[in-house]
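Asks: Structure file final-v5.cif, mmCIF, C-alpha atoms, is pasted below:
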```
data_run
loop_
_atom_site.label_atom_id
_atom_site.label_comp_id
_atom_site.auth_asym_id
_atom_site.auth_seq_id
_atom_site.Cartn_x
_atom_site.Cartn_y
_atom_site.Cartn_z
CA MET A 27 5.28 67.96 -23.82
CA ILE A 28 6.47 70.38 -21.12
CA ASN A 29 7.23 73.85 -22.39
CA THR A 30 10.60 75.28 -21.26
CA PRO A 31 10.16 78.69 -19.61
CA ILE A 32 11.73 81.45 -21.67
CA VAL A 33 14.63 83.33 -20.07
CA ARG A 34 15.10 86.68 -21.80
CA PHE A 35 18.74 87.78 -21.89
CA ALA A 36 20.26 91.22 -22.32
CA ILE A 37 23.94 91.66 -23.09
CA VAL A 38 25.76 94.80 -22.00
CA GLY A 39 28.91 95.20 -24.06
CA ALA A 40 28.95 94.39 -27.78
CA GLY A 41 32.65 93.61 -28.04
CA HIS A 42 34.40 90.26 -28.48
CA MET A 43 32.85 88.48 -25.48
CA GLY A 44 29.45 90.06 -26.08
CA ARG A 45 29.40 88.59 -29.58
CA LEU A 46 30.36 85.16 -28.29
CA TYR A 47 27.60 85.20 -25.68
CA ALA A 48 25.05 86.30 -28.29
CA GLU A 49 25.97 83.30 -30.45
CA LYS A 50 25.70 80.86 -27.53
CA ILE A 51 22.38 82.26 -26.30
CA ALA A 52 20.95 81.94 -29.81
CA ARG A 53 22.25 78.38 -30.06
CA MET A 54 20.50 77.52 -26.77
CA SER A 55 17.05 78.65 -27.89
CA ASP A 56 15.75 75.09 -27.51
CA GLU A 57 16.75 75.35 -23.81
CA GLY A 58 14.59 78.42 -23.35
CA LEU A 59 17.14 81.19 -23.90
CA GLU A 60 16.31 84.25 -25.96
CA LEU A 61 18.43 87.30 -26.69
CA THR A 62 16.17 90.33 -26.42
CA ALA A 63 18.48 93.33 -26.03
CA VAL A 64 22.07 94.48 -26.51
CA ALA A 65 23.45 97.65 -24.95
CA ASP A 66 26.74 99.30 -25.79
CA ARG A 67 27.94 102.87 -25.53
CA ASN A 68 28.41 102.63 -29.30
CA ARG A 69 24.79 102.47 -30.46
CA SER A 70 25.69 101.29 -33.98
CA ARG A 71 27.73 98.40 -32.62
CA ALA A 72 24.88 97.41 -30.30
CA ARG A 73 22.38 97.45 -33.16
CA ASP A 74 24.70 95.49 -35.46
CA LEU A 75 24.99 92.72 -32.88
CA ALA A 76 21.31 92.73 -31.94
CA LEU A 77 19.77 92.82 -35.42
CA PRO A 78 20.51 89.22 -36.58
CA TYR A 79 18.88 87.89 -33.42
CA GLY A 80 15.77 90.06 -33.55
CA ALA A 81 16.85 91.92 -30.41
CA ILE A 82 16.86 95.64 -29.74
CA GLY A 83 20.15 97.55 -29.78
CA CYS A 84 20.64 100.61 -27.59
CA CYS A 85 23.29 102.57 -25.73
CA ASP A 86 21.46 102.68 -22.38
CA PRO A 87 21.78 99.53 -20.22
CA GLU A 88 18.66 100.52 -18.28
CA ARG A 89 16.67 100.32 -21.52
CA ALA A 90 18.05 96.84 -22.18
CA PHE A 91 17.15 95.73 -18.65
CA GLU A 92 13.48 96.45 -19.38
CA GLU A 93 13.50 93.67 -21.98
CA ALA A 94 15.22 91.00 -19.89
CA ASP A 95 15.11 88.54 -17.01
CA ALA A 96 18.89 88.07 -16.89
CA VAL A 97 21.91 89.96 -18.12
CA VAL A 98 25.44 89.19 -19.28
CA VAL A 99 27.91 91.94 -18.39
CA ALA A 100 30.69 91.89 -20.99
CA THR A 101 32.05 95.41 -20.54
CA PRO A 102 35.57 96.44 -19.44
CA ALA A 103 36.36 95.27 -15.90
CA THR A 104 36.38 98.78 -14.46
CA SER A 105 32.66 99.11 -15.26
CA HIS A 106 31.52 95.66 -14.07
CA CYS A 107 30.42 96.87 -10.65
CA ASP A 108 28.28 99.78 -11.86
CA VAL A 109 26.54 97.73 -14.55
CA ALA A 110 26.01 94.66 -12.35
CA LEU A 111 24.62 96.71 -9.45
CA ALA A 112 22.21 98.49 -11.79
CA ALA A 113 21.10 95.17 -13.28
CA MET A 114 20.51 93.52 -9.91
CA ARG A 115 18.62 96.56 -8.65
CA ALA A 116 16.45 96.28 -11.76
CA GLY A 117 15.60 92.73 -10.67
CA LEU A 118 17.89 90.85 -13.06
CA ASP A 119 20.05 87.84 -12.33
CA THR A 120 23.53 88.71 -13.49
CA LEU A 121 26.40 86.88 -15.18
CA VAL A 122 29.57 88.98 -15.14
CA GLU A 123 32.56 88.13 -17.27
CA LYS A 124 35.82 87.67 -15.37
CA PRO A 125 37.29 89.41 -13.50
CA ILE A 126 34.40 90.01 -11.14
CA ALA A 127 35.59 93.64 -10.82
CA SER A 128 38.76 95.71 -10.89
CA SER A 129 38.93 96.23 -7.11
CA MET A 130 38.05 94.31 -3.97
CA VAL A 131 35.74 97.08 -2.78
CA ALA A 132 33.73 96.81 -5.99
CA ALA A 133 33.72 93.00 -5.93
CA GLN A 134 32.52 92.83 -2.34
CA ALA A 135 29.82 95.41 -3.08
CA MET A 136 28.53 93.18 -5.89
CA VAL A 137 28.45 90.03 -3.74
CA SER A 138 26.73 91.92 -0.89
CA ALA A 139 24.14 93.40 -3.26
CA ALA A 140 23.32 89.95 -4.67
CA GLU A 141 22.71 88.62 -1.17
CA GLU A 142 20.64 91.63 -0.09
CA LEU A 143 18.54 91.74 -3.27
CA GLY A 144 18.12 87.99 -3.58
CA ARG A 145 19.64 87.92 -7.06
CA CYS A 146 21.94 85.34 -8.60
CA LEU A 147 25.38 86.78 -9.29
CA TYR A 148 27.59 84.49 -11.36
CA VAL A 149 31.14 85.21 -12.53
CA GLY A 150 32.17 83.76 -15.86
CA HIS A 151 35.60 82.20 -15.45
CA GLN A 152 35.36 80.50 -18.81
CA GLU A 153 38.54 78.43 -18.50
CA TRP A 154 37.14 76.59 -15.46
CA TRP A 155 34.56 75.06 -17.82
CA ASN A 156 37.13 74.00 -20.41
CA PRO A 157 36.65 70.22 -20.77
CA ALA A 158 40.36 69.61 -20.14
CA VAL A 159 40.23 71.50 -16.83
CA GLN A 160 37.07 69.68 -15.76
CA ALA A 161 38.73 66.34 -16.52
CA ALA A 162 41.93 67.31 -14.72
CA VAL A 163 40.33 68.44 -11.46
CA ASP A 164 38.59 65.07 -11.23
CA LEU A 165 41.93 63.26 -11.56
CA VAL A 166 44.28 65.09 -9.21
CA ASP A 167 44.36 64.20 -5.56
CA ALA A 168 46.82 66.45 -3.73
CA PRO A 169 49.06 68.40 -6.13
CA THR A 170 52.14 69.94 -4.55
CA TYR A 171 53.43 71.99 -7.48
CA PHE A 172 51.79 73.91 -10.31
CA ALA A 173 53.33 75.65 -13.31
CA GLY A 174 51.27 77.78 -15.66
CA ARG A 175 52.05 79.48 -18.94
CA ARG A 176 49.33 81.66 -20.47
CA PHE A 177 50.49 83.63 -23.50
CA CYS A 178 48.69 85.49 -26.29
CA GLY A 179 49.34 88.26 -28.78
CA PHE A 180 48.52 91.89 -28.11
CA SER A 181 44.93 92.69 -29.09
CA GLY A 182 44.45 96.03 -27.35
CA ARG A 183 41.48 94.58 -25.41
CA ASN A 184 41.22 94.57 -21.61
CA THR A 185 44.05 97.03 -21.11
CA ASP A 186 42.04 98.72 -18.35
CA VAL A 187 43.61 96.05 -16.14
CA ASP A 188 47.08 94.51 -16.14
CA VAL A 189 48.00 91.07 -17.51
CA VAL A 190 47.66 89.53 -14.05
CA VAL A 191 43.98 90.45 -13.71
CA ASP A 192 43.41 89.97 -17.44
CA LEU A 193 45.04 86.57 -18.07
CA MET A 194 46.92 85.12 -15.10
CA ILE A 195 43.68 85.20 -13.12
CA HIS A 196 42.50 82.10 -15.02
CA ASP A 197 45.33 79.97 -13.62
CA VAL A 198 45.09 81.59 -10.19
CA HIS A 199 41.39 80.71 -10.13
CA ILE A 200 42.01 77.09 -11.15
CA VAL A 201 44.87 76.54 -8.69
CA GLN A 202 42.96 78.06 -5.79
CA SER A 203 39.83 76.09 -6.68
CA VAL A 204 41.87 72.86 -6.64
CA LEU A 205 43.65 73.66 -3.36
CA ARG A 206 40.59 75.46 -1.90
CA GLU A 207 42.68 78.19 -0.33
CA GLU A 208 44.68 81.35 -1.06
CA PRO A 209 48.48 81.73 -1.00
CA CYS A 210 50.21 83.02 2.11
CA SER A 211 53.28 84.28 0.23
CA ILE A 212 53.68 85.97 -3.16
CA GLU A 213 56.73 87.04 -5.18
CA ALA A 214 56.34 88.69 -8.58
CA ILE A 215 58.17 90.40 -11.42
CA GLY A 216 56.79 91.99 -14.57
CA ALA A 217 57.17 94.60 -17.29
CA ARG A 218 55.10 97.25 -19.07
CA LEU A 219 55.66 97.07 -22.81
CA LEU A 220 52.71 97.96 -25.05
CA SER A 221 50.15 99.38 -22.63
CA ASP A 222 50.03 101.56 -19.53
CA SER A 223 49.94 98.52 -17.25
CA THR A 224 51.98 95.34 -16.88
CA ASP A 225 51.90 93.23 -20.06
CA GLU A 226 54.11 90.35 -18.90
CA ALA A 227 54.36 88.92 -15.39
CA CYS A 228 55.68 85.96 -13.44
CA ALA A 229 54.54 85.07 -9.94
CA ARG A 230 55.54 82.53 -7.32
CA LEU A 231 52.71 81.65 -4.96
CA VAL A 232 53.27 79.64 -1.78
CA PHE A 233 50.25 78.14 -0.02
CA PRO A 234 49.81 77.42 3.71
CA ALA A 235 50.45 73.67 3.35
CA GLY A 236 53.62 74.30 1.31
CA GLN A 237 52.27 73.89 -2.23
CA ILE A 238 53.90 76.15 -4.82
CA ALA A 239 52.52 77.65 -8.03
CA MET A 240 54.82 79.27 -10.59
CA LEU A 241 52.66 81.22 -13.03
CA SER A 242 53.61 83.22 -16.13
CA ALA A 243 51.39 85.38 -18.32
CA SER A 244 51.98 87.55 -21.37
CA ARG A 245 49.66 89.40 -23.72
CA ILE A 246 52.39 90.36 -26.19
CA CYS A 247 53.60 86.89 -27.21
CA PRO A 248 53.17 86.00 -30.91
CA THR A 249 52.74 82.29 -30.10
CA PRO A 250 49.64 81.51 -28.03
CA GLU A 251 49.93 78.99 -25.21
CA ARG A 252 47.60 78.00 -22.38
CA ARG A 253 49.06 75.18 -20.33
CA LEU A 254 48.91 74.32 -16.65
CA TRP A 255 50.98 71.53 -15.10
CA MET A 256 49.91 69.88 -11.83
CA HIS A 257 52.56 67.73 -10.15
CA GLU A 258 51.82 65.02 -7.58
CA HIS A 259 53.26 61.65 -6.53
CA GLY A 260 56.14 61.81 -8.99
CA ALA A 261 53.91 62.43 -12.01
CA THR A 262 52.74 65.56 -13.76
CA LEU A 263 49.38 66.23 -15.35
CA CYS A 264 49.55 68.69 -18.25
CA VAL A 265 46.35 70.57 -19.06
CA ASP A 266 46.33 72.27 -22.45
CA THR A 267 43.19 74.37 -22.73
CA LEU A 268 43.92 75.48 -26.30
CA ALA A 269 43.92 71.87 -27.50
CA SER A 270 41.51 70.69 -24.76
CA THR A 271 43.84 67.83 -23.84
CA VAL A 272 45.04 66.30 -20.57
CA THR A 273 48.15 64.10 -20.46
CA TRP A 274 50.22 62.43 -17.78
CA GLY A 275 53.91 62.70 -18.47
CA PRO A 276 57.17 64.51 -17.80
CA ALA A 277 57.54 67.13 -15.10
CA PRO A 278 57.17 70.81 -16.08
CA PHE A 279 59.37 72.23 -18.80
CA GLY A 280 60.85 68.90 -19.87
CA SER A 281 62.57 67.58 -16.73
CA ALA A 282 62.30 63.82 -16.41
CA PRO A 283 60.11 62.29 -13.68
CA ASP A 284 61.19 59.46 -11.41
CA LYS A 285 59.62 56.64 -13.41
CA GLU A 286 59.82 54.16 -10.52
CA SER A 287 57.73 56.40 -8.28
CA MET A 288 55.41 57.51 -11.05
CA PRO A 289 52.01 55.93 -10.40
CA SER A 290 50.03 54.11 -13.02
CA ARG A 291 47.69 56.66 -14.54
CA GLN A 292 44.84 56.24 -16.94
CA GLN A 293 44.46 58.82 -19.67
CA PRO A 294 41.31 60.80 -18.92
CA GLN A 295 38.29 60.78 -21.15
CA ILE A 296 37.70 64.31 -22.44
CA ILE A 297 34.00 65.01 -22.76
CA GLU A 298 33.50 67.45 -25.60
CA GLN A 299 31.61 70.49 -24.41
CA ASP A 300 31.40 74.19 -25.15
CA ASP A 301 32.78 76.04 -22.14
CA LEU A 302 30.54 79.09 -22.56
CA VAL A 303 27.47 76.91 -23.01
CA SER A 304 28.39 74.95 -19.86
CA GLN A 305 28.84 78.24 -18.04
CA LEU A 306 25.43 79.51 -19.14
CA ARG A 307 23.78 76.24 -18.09
CA ARG A 308 25.35 76.52 -14.64
CA PHE A 309 24.11 80.09 -14.37
CA LEU A 310 20.58 79.04 -15.31
CA LYS A 311 20.64 76.31 -12.68
CA LEU A 312 21.86 78.64 -9.94
CA ARG A 313 19.44 81.44 -10.75
CA LYS A 314 16.57 79.15 -9.78
CA THR A 315 17.87 78.98 -6.19
CA ARG A 316 18.80 82.66 -5.82
CA GLU A 317 21.74 81.54 -3.67
CA THR A 318 25.19 83.07 -3.60
CA SER A 319 27.10 81.28 -6.31
CA PRO A 320 30.32 79.49 -5.30
CA ALA A 321 31.69 80.94 -8.54
CA SER A 322 31.23 84.46 -7.17
CA ILE A 323 33.16 83.68 -4.00
CA SER A 324 35.97 81.81 -5.79
CA ALA A 325 36.15 84.68 -8.32
CA LEU A 326 36.44 87.19 -5.48
CA CYS A 327 39.27 85.12 -3.94
CA ALA A 328 41.04 84.92 -7.31
CA LEU A 329 40.80 88.68 -7.74
CA ARG A 330 42.21 89.26 -4.25
CA THR A 331 45.27 87.12 -5.03
CA CYS A 332 45.76 88.81 -8.42
CA LEU A 333 45.59 92.27 -6.87
CA ARG A 334 48.22 91.18 -4.35
CA ILE A 335 50.40 90.03 -7.24
CA SER A 336 49.82 93.38 -8.98
CA ASN A 337 50.71 95.25 -5.79
CA ALA A 338 53.92 93.22 -5.51
CA LEU A 339 54.75 94.24 -9.09
CA ALA A 340 53.98 97.91 -8.55
CA ARG A 341 55.75 98.28 -5.22
CA LYS A 342 58.51 95.79 -5.95
CA THR A 343 57.72 94.23 -2.58
CA ASN A 344 56.43 90.76 -1.85
CA PHE A 345 53.28 89.74 -0.01
CA ASN A 346 53.82 87.84 3.22
CA GLY A 347 50.83 88.12 5.47
CA ASP A 348 48.73 86.32 7.99
CA ASP A 349 45.58 88.17 6.95
CA ILE A 350 44.53 85.68 4.26
CA ASP A 351 41.01 84.35 4.34
CA ARG A 352 41.25 80.78 5.65
CA THR A 353 37.70 79.87 4.60
CA PRO A 354 37.93 76.92 2.19
CA ILE A 355 37.26 77.99 -1.40
CA GLN A 356 34.38 76.09 -2.96
CA CYS A 357 34.58 74.72 -6.49
CA ASP A 358 31.68 75.74 -8.70
#
```
Let me see the file written as structure tokens.

Replies:
Amino acid sequence: MINTPIVRFAIVGAGHMGRLYAEKIARMSDEGLELTAVADRNRSRARDLALPYGAIGCCDPERAFEEADAVVVATPATSHCDVALAAMRAGLDTLVEKPIASSMVAAQAMVSAAEELGRCLYVGHQEWWNPAVQAAVDLVDAPTYFAGRRFCGFSGRNTDVDVVVDLMIHDVHIVQSVLREEPCSIEAIGARLLSDSTDEACARLVFPAGQIAMLSASRICPTPERRLWMHEHGATLCVDTLASTVTWGPAPFGSAPDKESMPSRQQPQIIEQDDLVSQLRRFLKLRKTRETSPASISALCALRTCLRISNALARKTNFNGDDIDRTPIQCD
């Protein structure tokens, strides 16, 4: 029997996502994962999360790094860069929760540091690993229109960034990963309601080949919804990541498709999988190669588009520029 090498994990940030990662790492002990340390600026919270797993709890990330081979950064987005840079400089491969950072300068600094230090930097866009999304991207050929609705209630979390960088970024990331490019035109509207930044937003993205994405996001809606429609060849694929379902059917928002032009489609087989576990497995695979993760680059591209949407909201001006990066975006 071949023994699986142990990968010791530290988690920085003992909030909602930190707790989820701790549970998944513990569940994957038979795959060689071990939670050894949790750091949080609230020492009691760090210790409470660490104790059931036999890990140490502390308030100093540097102390947690001493006990680990890899780290999950689950802190507020504005601190991602500082924590990730410190982790990589300490010799740790690093998984950062989305968004990669809160600014392009910080995001690019993280990607550059990973390349210079020979560390694996992976960005956790959890929705990409939802089984419904994975099934959908294997089915679509050349979508021409996307419509996304991502709504949730107000939790008070992640208000260091607006709803675009907090929630809409999931759909931006998926659309750009499918089309493998960034939009060349952006229009956006939004409103601040319960926090100091935009809590509801709608954006219209136009891509170089003419594809359009109409995306809506709200973090103050009492009824949760996470659906993305992809329209091609007279048919529309509806991806529901809350229910983990994919269905072919009517065009977005109830309009009837042209049934004569609607191609024969087979309902996809949804392979049950835990998106965070799949994400961790991908991270483990990439850390062996020490290469720049496609997820880091696609996450950087998603952040750039979201910041352009946020700028359009703040300035009440639209983005129309020729300075987009034309390098094809790689799927993870």

Asks: Given the point (33.8, 91.6, -27.4) in the file's coordinates, find the residues that have an atom at most 10 Å from it, counting all atoms listed in the file, and give them as a list in words.

Replies: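 Counting all atoms listed in the file, I find these residues within 10 Å of (33.8, 91.6, -27.4): Gly39, Ala40, Gly41, His42, Met43, Gly44, Arg45, Leu46, Tyr47, Ala100, Thr101, Pro102, Arg183 and Asn184 of chain A.
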
Asks: In the coordinate frame of the file, compute which residues have an atom within 10 Å of (24.1, 87.7, -12.5) when using all atoms listed in the file, and state them as a ChimeraX atom specification.

Replies: /A:96-99,110-111,113-114,118-123,136,140,145-150,309-310,312-313,316,319,322

Asks: Just to confirm, what's the straight-line distance from CA of Leu241 in chain A to CA of Arg175 in chain A in Å (one decimal)?

Replies: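 Those two atoms sit 6.2 Å apart.
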
Asks: With the PyMOL selection byres ((chain A and resi 338) around 12) as the selection, what would be picked from this file? Answer as a PDB file with C-alpha atoms, keeping the file's coordinate frame, please.

Replies:
```pdb
ATOM      1  CA  VAL A 190      47.660  89.530 -14.050  1.00  0.00           C
ATOM      2  CA  SER A 211      53.280  84.280   0.230  1.00  0.00           C
ATOM      3  CA  ILE A 212      53.680  85.970  -3.160  1.00  0.00           C
ATOM      4  CA  GLU A 213      56.730  87.040  -5.180  1.00  0.00           C
ATOM      5  CA  ALA A 214      56.340  88.690  -8.580  1.00  0.00           C
ATOM      6  CA  ILE A 215      58.170  90.400 -11.420  1.00  0.00           C
ATOM      7  CA  GLY A 216      56.790  91.990 -14.570  1.00  0.00           C
ATOM      8  CA  THR A 224      51.980  95.340 -16.880  1.00  0.00           C
ATOM      9  CA  ALA A 227      54.360  88.920 -15.390  1.00  0.00           C
ATOM     10  CA  CYS A 228      55.680  85.960 -13.440  1.00  0.00           C
ATOM     11  CA  ALA A 229      54.540  85.070  -9.940  1.00  0.00           C
ATOM     12  CA  ARG A 230      55.540  82.530  -7.320  1.00  0.00           C
ATOM     13  CA  LEU A 231      52.710  81.650  -4.960  1.00  0.00           C
ATOM     14  CA  THR A 331      45.270  87.120  -5.030  1.00  0.00           C
ATOM     15  CA  CYS A 332      45.760  88.810  -8.420  1.00  0.00           C
ATOM     16  CA  LEU A 333      45.590  92.270  -6.870  1.00  0.00           C
ATOM     17  CA  ARG A 334      48.220  91.180  -4.350  1.00  0.00           C
ATOM     18  CA  ILE A 335      50.400  90.030  -7.240  1.00  0.00           C
ATOM     19  CA  SER A 336      49.820  93.380  -8.980  1.00  0.00           C
ATOM     20  CA  ASN A 337      50.710  95.250  -5.790  1.00  0.00           C
ATOM     21  CA  LEU A 339      54.750  94.240  -9.090  1.00  0.00           C
ATOM     22  CA  ALA A 340      53.980  97.910  -8.550  1.00  0.00           C
ATOM     23  CA  ARG A 341      55.750  98.280  -5.220  1.00  0.00           C
ATOM     24  CA  LYS A 342      58.510  95.790  -5.950  1.00  0.00           C
ATOM     25  CA  THR A 343      57.720  94.230  -2.580  1.00  0.00           C
ATOM     26  CA  ASN A 344      56.430  90.760  -1.850  1.00  0.00           C
ATOM     27  CA  PHE A 345      53.280  89.740  -0.010  1.00  0.00           C
ATOM     28  CA  ASN A 346      53.820  87.840   3.220  1.00  0.00           C
TER      29      ASN A 346
END
```

Asks: Using all atoms listed in the file, can you tell me which of A:Leu219, A:Pro78, A:Arg71, A:Gln152 comes closest to Leu306 in chain A?

Replies: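 Distance minimum relative to Leu306 in chain A lands on A:Gln152.
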
Asks: A:Leu77, A:Ile323, A:Leu220, A:Ala269: which is nearest His199 in chain A, counting all atoms listed in the file?

Replies: A:Ile323
